[in-house]
Amino acid sequence: MSSPIPQVSVAGHQVGRMGYGLMQLTWTPTPPPEEESFKAIKAAADAGATCWSTATFYGPDFANIKLIANFFKKHPEYKEKIVLVVKGGADHTTLQPKGEDIEFLRSELKKTQEILGDKKIDVYSLARLSHHASVEEQFTNLDTLRKEGLFTAVGASEMGVDSLEKAQKITPIAIIEIEVSLFSFEKAIRDVVQWSSTNKVPIFAYSPLGRGFLTRTYKSPEDIPDGDFKKMIPRFQGEAFYENLKLVDKLDEIAGKKGVNTSQLALAWIVGLSNYTIPIPGSSKPQRAIENTQAANIKLTSEENKTISDILDSFEVVGTRYPGAGMAHLVSCLE
């Protein structure tokens, strides 16, 4: 069956160059009703977003995995169409990385598979590397579990080039998930994009719309609801919020001239970074999911790309992309 959008190979399967992130369907103060989520999930898949990003800790008691399992029960014909990338290896309460604990990982994988039934885990990755073991030890654990048949391919998440080089010597990497957006494109991220292209390892670009900042979801820091993780992110706070909106002003102008909306511009820009980038926007609204996915077909001109590059080179985003404690486990700080 032909795809409505360009494709790339992940874990031995051809998938769309726009993926789908399911986090906000369960890991949010007010998750949407399941039936509403199903409509958005199906709309994204039908538009060509056939590689999905989930995690064992996206909500209480494997909530996101259960949502996916329920979707496949209702729509079994999608099981073979979808490549499922599952992040785990973190304590579900504290989110502390546990990549050094092979028994924890094995147990988590078995529980995930039990929930999914006969839908295989295509890719499994550690959401964050543990500081209590080397990269090599943690990827040896992953390779052992892969050989046990608990999943098909090993993925990576929030890892810089040096760590990826070490991991790749242990086992092939199917995909590397890092934050890539017009709002997050510092040197460590650019280096991973280059590594990905050189090594032909696809990138799952999470938060490709800057957690809603690039789409003006919030007009002020006060608009962010209580209990929302973004309340704690420095670049969404106080004066930084308003300074960073100046970047959105510039991007809105480029999008307006091209006749697309800013979210489509932002997603198309990521797709255009290399042949291996797969943005993973999330939405609980079917029409938005379709619009996001179709952005994979939008091509930016060399002039538009140069204008964007010049803006990114001259505009310094104010504030970090995670709160202090969270920064310790990011690609930007691991090398």
# chains A, B, ... in the order shown; residues from 1 in each chain; ligands from 1
>>> closest_atom_pairs(of="segment 239-289 of chain A", to="segment 29-53 of chain A", cutoff="12 Å", atoms="only C-alpha atoms", output="tab-separated table")
residue	atom	partner	partner_atom	distance
A:Ile278	CA	A:Cys51	CA	8.7
A:Pro279	CA	A:Ala49	CA	9.8
A:Ile280	CA	A:Ser53	CA	7.3
A:Pro281	CA	A:Ser53	CA	9.6
A:Gly282	CA	A:Ala40	CA	9.1
A:Ser283	CA	A:Ala40	CA	6.9
A:Ser284	CA	A:Ala40	CA	5.3
A:Lys285	CA	A:Ala40	CA	5.4
A:Pro286	CA	A:Ala40	CA	4.0
A:Gln287	CA	A:Ala43	CA	7.6
A:Arg288	CA	A:Ala40	CA	8.3
A:Ala289	CA	A:Ala44	CA	5.2
>>> residues_around(residues="Leu126 of chain A", least_positions_apart="6", cutoff="10 Å", atoms="only C-alpha atoms", output="PyMOL selection string")
chain A and resi 55+86-90+97-99+105+138-139+142+154-158
>>> residues_around(residues="segment 264-277 of chain A", least_positions_apart="3", cutoff="10 Å", atoms="only C-alpha atoms", output="PDB file with N, CA, C and O atoms, in the first residue's frame")
ATOM      1  N   PRO A   6       6.145  10.888   2.549  1.00  0.00           N
ATOM      2  CA  PRO A   6       7.438  10.206   2.369  1.00  0.00           C
ATOM      3  C   PRO A   6       7.704   9.232   3.523  1.00  0.00           C
ATOM      4  O   PRO A   6       7.159   9.394   4.620  1.00  0.00           O
ATOM      5  N   GLN A   7       8.568   8.230   3.255  1.00  0.00           N
ATOM      6  CA  GLN A   7       8.834   7.203   4.262  1.00  0.00           C
ATOM      7  C   GLN A   7      10.324   7.010   4.522  1.00  0.00           C
ATOM      8  O   GLN A   7      11.170   7.470   3.764  1.00  0.00           O
ATOM      9  N   VAL A   8      10.602   6.292   5.618  1.00  0.00           N
ATOM     10  CA  VAL A   8      11.966   5.903   5.979  1.00  0.00           C
ATOM     11  C   VAL A   8      11.848   4.568   6.709  1.00  0.00           C
ATOM     12  O   VAL A   8      10.770   4.225   7.204  1.00  0.00           O
ATOM     13  N   SER A   9      12.939   3.810   6.767  1.00  0.00           N
ATOM     14  CA  SER A   9      12.886   2.494   7.405  1.00  0.00           C
ATOM     15  C   SER A   9      13.234   2.575   8.899  1.00  0.00           C
ATOM     16  O   SER A   9      14.243   3.170   9.270  1.00  0.00           O
ATOM     17  N   VAL A  10      12.379   1.983   9.734  1.00  0.00           N
ATOM     18  CA  VAL A  10      12.637   1.870  11.179  1.00  0.00           C
ATOM     19  C   VAL A  10      12.392   0.419  11.584  1.00  0.00           C
ATOM     20  O   VAL A  10      11.311  -0.130  11.335  1.00  0.00           O
ATOM     21  N   ARG A  17       7.355   9.706   7.379  1.00  0.00           N
ATOM     22  CA  ARG A  17       8.334  10.676   7.895  1.00  0.00           C
ATOM     23  C   ARG A  17       7.711  11.660   8.885  1.00  0.00           C
ATOM     24  O   ARG A  17       8.373  12.586   9.360  1.00  0.00           O
ATOM     25  N   MET A  18       6.446  11.464   9.218  1.00  0.00           N
ATOM     26  CA  MET A  18       5.837  12.147  10.358  1.00  0.00           C
ATOM     27  C   MET A  18       5.319  11.043  11.262  1.00  0.00           C
ATOM     28  O   MET A  18       4.595  10.151  10.809  1.00  0.00           O
ATOM     29  N   GLY A  19       5.734  11.067  12.534  1.00  0.00           N
ATOM     30  CA  GLY A  19       5.257  10.070  13.480  1.00  0.00           C
ATOM     31  C   GLY A  19       4.110  10.627  14.308  1.00  0.00           C
ATOM     32  O   GLY A  19       3.549  11.689  13.987  1.00  0.00           O
ATOM     33  N   ILE A 175      16.616   3.736  16.283  1.00  0.00           N
ATOM     34  CA  ILE A 175      16.106   5.115  16.245  1.00  0.00           C
ATOM     35  C   ILE A 175      16.661   5.852  17.465  1.00  0.00           C
ATOM     36  O   ILE A 175      16.914   5.241  18.500  1.00  0.00           O
ATOM     37  N   ILE A 176      16.904   7.156  17.316  1.00  0.00           N
ATOM     38  CA  ILE A 176      17.336   7.978  18.453  1.00  0.00           C
ATOM     39  C   ILE A 176      16.293   9.068  18.670  1.00  0.00           C
ATOM     40  O   ILE A 176      15.972   9.820  17.743  1.00  0.00           O
ATOM     41  N   GLU A 177      15.729   9.119  19.870  1.00  0.00           N
ATOM     42  CA  GLU A 177      14.694  10.116  20.179  1.00  0.00           C
ATOM     43  C   GLU A 177      15.311  11.269  20.965  1.00  0.00           C
ATOM     44  O   GLU A 177      15.886  11.068  22.031  1.00  0.00           O
ATOM     45  N   VAL A 180      13.889  18.015  19.100  1.00  0.00           N
ATOM     46  CA  VAL A 180      14.348  18.834  17.972  1.00  0.00           C
ATOM     47  C   VAL A 180      13.200  19.744  17.574  1.00  0.00           C
ATOM     48  O   VAL A 180      12.093  19.277  17.296  1.00  0.00           O
ATOM     49  N   SER A 181      13.457  21.033  17.573  1.00  0.00           N
ATOM     50  CA  SER A 181      12.429  21.967  17.098  1.00  0.00           C
ATOM     51  C   SER A 181      13.094  23.311  16.826  1.00  0.00           C
ATOM     52  O   SER A 181      14.269  23.520  17.142  1.00  0.00           O
ATOM     53  N   LEU A 182      12.328  24.208  16.248  1.00  0.00           N
ATOM     54  CA  LEU A 182      12.819  25.570  16.047  1.00  0.00           C
ATOM     55  C   LEU A 182      13.022  26.271  17.398  1.00  0.00           C
ATOM     56  O   LEU A 182      13.619  27.334  17.467  1.00  0.00           O
ATOM     57  N   PHE A 183      12.524  25.650  18.453  1.00  0.00           N
ATOM     58  CA  PHE A 183      12.639  26.184  19.814  1.00  0.00           C
ATOM     59  C   PHE A 183      13.777  25.495  20.575  1.00  0.00           C
ATOM     60  O   PHE A 183      14.215  25.968  21.605  1.00  0.00           O
ATOM     61  N   ARG A 190      22.128  19.556  17.238  1.00  0.00           N
ATOM     62  CA  ARG A 190      22.571  19.603  15.828  1.00  0.00           C
ATOM     63  C   ARG A 190      23.581  18.489  15.553  1.00  0.00           C
ATOM     64  O   ARG A 190      23.569  17.883  14.480  1.00  0.00           O
ATOM     65  N   VAL A 193      21.774  15.270  15.040  1.00  0.00           N
ATOM     66  CA  VAL A 193      21.132  15.258  13.712  1.00  0.00           C
ATOM     67  C   VAL A 193      22.171  14.877  12.654  1.00  0.00           C
ATOM     68  O   VAL A 193      21.908  14.054  11.769  1.00  0.00           O
ATOM     69  N   GLN A 194      23.361  15.443  12.772  1.00  0.00           N
ATOM     70  CA  GLN A 194      24.437  15.120  11.813  1.00  0.00           C
ATOM     71  C   GLN A 194      24.858  13.651  11.947  1.00  0.00           C
ATOM     72  O   GLN A 194      25.036  12.943  10.952  1.00  0.00           O
ATOM     73  N   SER A 196      23.075  11.167  13.039  1.00  0.00           N
ATOM     74  CA  SER A 196      21.966  10.363  12.529  1.00  0.00           C
ATOM     75  C   SER A 196      22.045  10.241  11.007  1.00  0.00           C
ATOM     76  O   SER A 196      21.885   9.167  10.438  1.00  0.00           O
ATOM     77  N   SER A 197      22.307  11.360  10.357  1.00  0.00           N
ATOM     78  CA  SER A 197      22.366  11.383   8.899  1.00  0.00           C
ATOM     79  C   SER A 197      23.558  10.559   8.399  1.00  0.00           C
ATOM     80  O   SER A 197      23.433   9.742   7.480  1.00  0.00           O
ATOM     81  N   THR A 198      24.703  10.736   9.042  1.00  0.00           N
ATOM     82  CA  THR A 198      25.923  10.007   8.650  1.00  0.00           C
ATOM     83  C   THR A 198      25.749   8.503   8.846  1.00  0.00           C
ATOM     84  O   THR A 198      26.164   7.697   8.021  1.00  0.00           O
ATOM     85  N   ASN A 199      25.122   8.120   9.971  1.00  0.00           N
ATOM     86  CA  ASN A 199      24.973   6.698  10.311  1.00  0.00           C
ATOM     87  C   ASN A 199      23.657   6.081   9.825  1.00  0.00           C
ATOM     88  O   ASN A 199      23.385   4.911  10.068  1.00  0.00           O
ATOM     89  N   LYS A 200      22.835   6.921   9.169  1.00  0.00           N
ATOM     90  CA  LYS A 200      21.541   6.467   8.627  1.00  0.00           C
ATOM     91  C   LYS A 200      20.654   5.857   9.710  1.00  0.00           C
ATOM     92  O   LYS A 200      19.995   4.840   9.505  1.00  0.00           O
ATOM     93  N   VAL A 201      20.664   6.498  10.879  1.00  0.00           N
ATOM     94  CA  VAL A 201      19.801   6.092  11.999  1.00  0.00           C
ATOM     95  C   VAL A 201      18.702   7.149  12.140  1.00  0.00           C
ATOM     96  O   VAL A 201      19.002   8.318  12.389  1.00  0.00           O
ATOM     97  N   PRO A 202      17.433   6.787  11.973  1.00  0.00           N
ATOM     98  CA  PRO A 202      16.365   7.787  12.063  1.00  0.00           C
ATOM     99  C   PRO A 202      16.308   8.482  13.436  1.00  0.00           C
ATOM    100  O   PRO A 202      16.686   7.895  14.450  1.00  0.00           O
ATOM    101  N   ILE A 203      15.852   9.721  13.405  1.00  0.00           N
ATOM    102  CA  ILE A 203      15.644  10.514  14.628  1.00  0.00           C
ATOM    103  C   ILE A 203      14.149  10.670  14.853  1.00  0.00           C
ATOM    104  O   ILE A 203      13.408  11.049  13.945  1.00  0.00           O
ATOM    105  N   PHE A 204      13.716  10.364  16.072  1.00  0.00           N
ATOM    106  CA  PHE A 204      12.369  10.705  16.531  1.00  0.00           C
ATOM    107  C   PHE A 204      12.479  12.082  17.168  1.00  0.00           C
ATOM    108  O   PHE A 204      13.090  12.222  18.236  1.00  0.00           O
ATOM    109  N   ALA A 205      11.938  13.102  16.514  1.00  0.00           N
ATOM    110  CA  ALA A 205      12.054  14.470  17.031  1.00  0.00           C
ATOM    111  C   ALA A 205      10.856  14.775  17.924  1.00  0.00           C
ATOM    112  O   ALA A 205       9.755  15.050  17.434  1.00  0.00           O
ATOM    113  N   PRO A 208       8.231  18.649  18.730  1.00  0.00           N
ATOM    114  CA  PRO A 208       8.643  19.379  17.523  1.00  0.00           C
ATOM    115  C   PRO A 208       8.005  20.759  17.405  1.00  0.00           C
ATOM    116  O   PRO A 208       8.459  21.592  16.638  1.00  0.00           O
ATOM    117  N   LEU A 209       6.940  20.990  18.204  1.00  0.00           N
ATOM    118  CA  LEU A 209       6.283  22.305  18.195  1.00  0.00           C
ATOM    119  C   LEU A 209       6.572  23.067  19.489  1.00  0.00           C
ATOM    120  O   LEU A 209       5.822  23.953  19.891  1.00  0.00           O
ATOM    121  N   GLY A 210       7.692  22.683  20.135  1.00  0.00           N
ATOM    122  CA  GLY A 210       8.104  23.406  21.341  1.00  0.00           C
ATOM    123  C   GLY A 210       7.080  23.332  22.452  1.00  0.00           C
ATOM    124  O   GLY A 210       6.836  24.307  23.149  1.00  0.00           O
ATOM    125  N   LEU A 214       5.359  27.174  19.940  1.00  0.00           N
ATOM    126  CA  LEU A 214       5.435  27.685  18.570  1.00  0.00           C
ATOM    127  C   LEU A 214       4.056  27.880  17.955  1.00  0.00           C
ATOM    128  O   LEU A 214       3.905  28.590  16.957  1.00  0.00           O
ATOM    129  N   THR A 215       3.044  27.243  18.537  1.00  0.00           N
ATOM    130  CA  THR A 215       1.677  27.381  18.009  1.00  0.00           C
ATOM    131  C   THR A 215       0.853  28.370  18.842  1.00  0.00           C
ATOM    132  O   THR A 215      -0.357  28.463  18.665  1.00  0.00           O
ATOM    133  N   LEU A 251       8.776  33.553  13.017  1.00  0.00           N
ATOM    134  CA  LEU A 251       8.357  32.330  12.306  1.00  0.00           C
ATOM    135  C   LEU A 251       6.963  32.495  11.697  1.00  0.00           C
ATOM    136  O   LEU A 251       6.691  32.016  10.587  1.00  0.00           O
ATOM    137  N   ASP A 252       6.085  33.185  12.423  1.00  0.00           N
ATOM    138  CA  ASP A 252       4.737  33.457  11.903  1.00  0.00           C
ATOM    139  C   ASP A 252       4.816  34.210  10.566  1.00  0.00           C
ATOM    140  O   ASP A 252       4.035  33.959   9.638  1.00  0.00           O
ATOM    141  N   ILE A 254       7.278  34.138   8.309  1.00  0.00           N
ATOM    142  CA  ILE A 254       7.727  33.242   7.228  1.00  0.00           C
ATOM    143  C   ILE A 254       6.570  32.328   6.800  1.00  0.00           C
ATOM    144  O   ILE A 254       6.324  32.117   5.612  1.00  0.00           O
ATOM    145  N   ALA A 255       5.862  31.771   7.793  1.00  0.00           N
ATOM    146  CA  ALA A 255       4.739  30.862   7.500  1.00  0.00           C
ATOM    147  C   ALA A 255       3.660  31.591   6.709  1.00  0.00           C
ATOM    148  O   ALA A 255       3.107  31.057   5.730  1.00  0.00           O
ATOM    149  N   GLY A 256       3.361  32.836   7.114  1.00  0.00           N
ATOM    150  CA  GLY A 256       2.338  33.639   6.439  1.00  0.00           C
ATOM    151  C   GLY A 256       2.673  33.851   4.965  1.00  0.00           C
ATOM    152  O   GLY A 256       1.813  33.717   4.085  1.00  0.00           O
ATOM    153  N   LYS A 258       4.472  31.945   3.142  1.00  0.00           N
ATOM    154  CA  LYS A 258       4.422  30.665   2.413  1.00  0.00           C
ATOM    155  C   LYS A 258       2.989  30.153   2.267  1.00  0.00           C
ATOM    156  O   LYS A 258       2.718  29.254   1.461  1.00  0.00           O
ATOM    157  N   GLY A 259       2.084  30.703   3.078  1.00  0.00           N
ATOM    158  CA  GLY A 259       0.699  30.252   3.008  1.00  0.00           C
ATOM    159  C   GLY A 259       0.443  28.972   3.777  1.00  0.00           C
ATOM    160  O   GLY A 259      -0.449  28.192   3.433  1.00  0.00           O
ATOM    161  N   VAL A 260       1.253  28.730   4.814  1.00  0.00           N
ATOM    162  CA  VAL A 260       1.025  27.580   5.700  1.00  0.00           C
ATOM    163  C   VAL A 260       0.930  28.116   7.124  1.00  0.00           C
ATOM    164  O   VAL A 260       1.254  29.274   7.378  1.00  0.00           O
ATOM    165  N   ASN A 261       0.469  27.276   8.061  1.00  0.00           N
ATOM    166  CA  ASN A 261       0.483  27.772   9.439  1.00  0.00           C
ATOM    167  C   ASN A 261       1.851  27.473  10.072  1.00  0.00           C
ATOM    168  O   ASN A 261       2.656  26.707   9.525  1.00  0.00           O
ATOM    169  N   ILE A 280       7.524  13.925  15.881  1.00  0.00           N
ATOM    170  CA  ILE A 280       6.405  13.183  16.494  1.00  0.00           C
ATOM    171  C   ILE A 280       5.461  14.126  17.246  1.00  0.00           C
ATOM    172  O   ILE A 280       5.390  14.123  18.469  1.00  0.00           O
ATOM    173  N   PRO A 281       4.713  14.944  16.481  1.00  0.00           N
ATOM    174  CA  PRO A 281       3.716  15.795  17.143  1.00  0.00           C
ATOM    175  C   PRO A 281       2.606  14.934  17.734  1.00  0.00           C
ATOM    176  O   PRO A 281       2.353  13.829  17.258  1.00  0.00           O
ATOM    177  N   GLU A 291      -3.503  17.451   9.764  1.00  0.00           N
ATOM    178  CA  GLU A 291      -2.768  18.638   9.316  1.00  0.00           C
ATOM    179  C   GLU A 291      -1.275  18.504   9.644  1.00  0.00           C
ATOM    180  O   GLU A 291      -0.413  18.786   8.818  1.00  0.00           O
ATOM    181  N   ASN A 292      -0.999  18.047  10.872  1.00  0.00           N
ATOM    182  CA  ASN A 292       0.399  17.852  11.284  1.00  0.00           C
ATOM    183  C   ASN A 292       1.093  16.834  10.384  1.00  0.00           C
ATOM    184  O   ASN A 292       2.210  17.052   9.910  1.00  0.00           O
ATOM    185  N   THR A 293       0.420  15.704  10.157  1.00  0.00           N
ATOM    186  CA  THR A 293       1.028  14.617   9.384  1.00  0.00           C
ATOM    187  C   THR A 293       1.280  15.050   7.942  1.00  0.00           C
ATOM    188  O   THR A 293       2.339  14.758   7.365  1.00  0.00           O
ATOM    189  N   GLN A 294       0.346  15.778   7.380  1.00  0.00           N
ATOM    190  CA  GLN A 294       0.494  16.220   5.986  1.00  0.00           C
ATOM    191  C   GLN A 294       1.635  17.220   5.797  1.00  0.00           C
ATOM    192  O   GLN A 294       2.096  17.424   4.668  1.00  0.00           O
ATOM    193  N   ALA A 295       2.099  17.811   6.879  1.00  0.00           N
ATOM    194  CA  ALA A 295       3.222  18.760   6.783  1.00  0.00           C
ATOM    195  C   ALA A 295       4.490  18.081   6.262  1.00  0.00           C
ATOM    196  O   ALA A 295       5.413  18.748   5.789  1.00  0.00           O
ATOM    197  N   ALA A 296       4.531  16.744   6.314  1.00  0.00           N
ATOM    198  CA  ALA A 296       5.693  16.012   5.777  1.00  0.00           C
ATOM    199  C   ALA A 296       5.829  16.216   4.271  1.00  0.00           C
ATOM    200  O   ALA A 296       6.899  15.982   3.701  1.00  0.00           O
ATOM    201  N   ASN A 297       4.744  16.644   3.625  1.00  0.00           N
ATOM    202  CA  ASN A 297       4.782  16.871   2.168  1.00  0.00           C
ATOM    203  C   ASN A 297       5.155  18.309   1.804  1.00  0.00           C
ATOM    204  O   ASN A 297       5.285  18.623   0.622  1.00  0.00           O
ATOM    205  N   ILE A 298       5.305  19.176   2.798  1.00  0.00           N
ATOM    206  CA  ILE A 298       5.627  20.582   2.506  1.00  0.00           C
ATOM    207  C   ILE A 298       7.147  20.723   2.359  1.00  0.00           C
ATOM    208  O   ILE A 298       7.912  20.293   3.218  1.00  0.00           O
ATOM    209  N   LYS A 299       7.577  21.309   1.246  1.00  0.00           N
ATOM    210  CA  LYS A 299       9.013  21.522   1.007  1.00  0.00           C
ATOM    211  C   LYS A 299       9.341  22.998   1.209  1.00  0.00           C
ATOM    212  O   LYS A 299       8.653  23.870   0.666  1.00  0.00           O
ATOM    213  N   LEU A 300      10.387  23.261   1.969  1.00  0.00           N
ATOM    214  CA  LEU A 300      10.845  24.642   2.136  1.00  0.00           C
ATOM    215  C   LEU A 300      11.888  24.946   1.062  1.00  0.00           C
ATOM    216  O   LEU A 300      12.700  24.083   0.711  1.00  0.00           O
ATOM    217  N   THR A 301      11.866  26.170   0.541  1.00  0.00           N
ATOM    218  CA  THR A 301      12.868  26.566  -0.457  1.00  0.00           C
ATOM    219  C   THR A 301      14.196  26.824   0.243  1.00  0.00           C
ATOM    220  O   THR A 301      14.249  27.015   1.466  1.00  0.00           O
ATOM    221  N   GLU A 304      13.941  30.043   2.089  1.00  0.00           N
ATOM    222  CA  GLU A 304      13.203  29.943   3.366  1.00  0.00           C
ATOM    223  C   GLU A 304      14.080  29.287   4.438  1.00  0.00           C
ATOM    224  O   GLU A 304      14.117  29.748   5.589  1.00  0.00           O
ATOM    225  N   ASN A 305      14.805  28.234   4.037  1.00  0.00           N
ATOM    226  CA  ASN A 305      15.697  27.573   4.996  1.00  0.00           C
ATOM    227  C   ASN A 305      16.794  28.512   5.477  1.00  0.00           C
ATOM    228  O   ASN A 305      17.163  28.495   6.649  1.00  0.00           O
ATOM    229  N   ILE A 308      15.372  30.952   7.992  1.00  0.00           N
ATOM    230  CA  ILE A 308      15.176  30.289   9.292  1.00  0.00           C
ATOM    231  C   ILE A 308      16.522  30.075   9.990  1.00  0.00           C
ATOM    232  O   ILE A 308      16.661  30.347  11.191  1.00  0.00           O
TER     233      ILE A 308
END
>>> residues_around(residues="Gly59 of chain A", least_positions_apart="2", cutoff="12 Å", atoms="only C-alpha atoms", output="count of residues only")
24
>>> select_by_dssp(residues="segment 67-259 of chain A", states="alpha helix (DSSP H)", output="NGL selection string")
:A and (67-74 or 102-116 or 135-147 or 161-170 or 187-199 or 238-258)
>>> closest_residue(among="A:Glu108, A:Glu165, A:Glu103, A:Glu186", to="Phe315 of chain A", atoms="only C-alpha atoms")
A:Glu186
>>> atom_distance(atom1="atom CA of Lys306 of chain A", atom2="atom CA of Ile189 of chain A")
18.7 Å
>>> select_by_dssp(residues="segment 55-155 of chain A", states="strand (DSSP E)", output="PyMOL selection string")
chain A and resi 55+83-88+123-126+153-155
>>> residues_around(residues="Arg106 of chain A", least_positions_apart="3", cutoff="8 Å", atoms="only C-alpha atoms", output="list in words")
Ile102, Glu103, Leu109, Lys110, Leu145 and Leu150 of chain A
>>> closest_residue(among="A:Thr112, A:Ser207, A:Gln14, A:Ser163", to="Phe185 of chain A", atoms="only C-alpha atoms")
A:Ser207
>>> closest_residue(among="A:Met159, A:Met232, A:Val123, A:Val318", to="Ser184 of chain A", atoms="only C-alpha atoms")
A:Val318
>>> atom_distance(atom1="atom CA of Ser107 of chain A", atom2="atom CA of Thr140 of chain A")
16.6 Å
>>> closest_residue(among="A:Ala127, A:Val192, A:Val135, A:Ile311", to="Thr171 of chain A", atoms="only C-alpha atoms")
A:Val135
>>> atom_distance(atom1="atom CA of Thr152 of chain A", atom2="atom CA of Tyr124 of chain A")
7.9 Å
>>> decode(residues="segment 138-163 of chain A", atoms="C-alpha atoms", output="mmCIF file, in the first residue's frame")
data_model
loop_
_atom_site.group_PDB
_atom_site.id
_atom_site.type_symbol
_atom_site.label_atom_id
_atom_site.label_comp_id
_atom_site.auth_asym_id
_atom_site.auth_seq_id
_atom_site.Cartn_x
_atom_site.Cartn_y
_atom_site.Cartn_z
ATOM 1 C CA GLN A 138 23.074 -0.435 29.838
ATOM 2 C CA PHE A 139 23.084 -1.290 26.135
ATOM 3 C CA THR A 140 24.407 -4.764 26.875
ATOM 4 C CA ASN A 141 21.309 -5.181 29.076
ATOM 5 C CA LEU A 142 19.106 -4.022 26.204
ATOM 6 C CA ASP A 143 20.834 -6.331 23.738
ATOM 7 C CA THR A 144 20.414 -9.278 26.132
ATOM 8 C CA LEU A 145 16.679 -8.606 26.436
ATOM 9 C CA ARG A 146 16.346 -8.185 22.661
ATOM 10 C CA LYS A 147 18.012 -11.569 22.175
ATOM 11 C CA GLU A 148 15.523 -13.030 24.662
ATOM 12 C CA GLY A 149 12.836 -12.008 22.162
ATOM 13 C CA LEU A 150 11.195 -9.339 24.351
ATOM 14 C CA PHE A 151 11.307 -6.753 21.532
ATOM 15 C CA THR A 152 12.614 -6.446 17.981
ATOM 16 C CA ALA A 153 15.121 -3.581 17.952
ATOM 17 C CA VAL A 154 17.031 -1.338 20.377
ATOM 18 C CA GLY A 155 16.342 2.389 20.417
ATOM 19 C CA ALA A 156 18.053 5.307 22.153
ATOM 20 C CA SER A 157 16.739 8.458 23.810
ATOM 21 C CA GLU A 158 18.315 11.779 24.878
ATOM 22 C CA MET A 159 21.842 10.634 24.061
ATOM 23 C CA GLY A 160 24.679 12.681 22.610
ATOM 24 C CA VAL A 161 27.103 11.619 19.900
ATOM 25 C CA ASP A 162 29.777 10.129 22.212
ATOM 26 C CA SER A 163 27.192 7.945 23.980
#
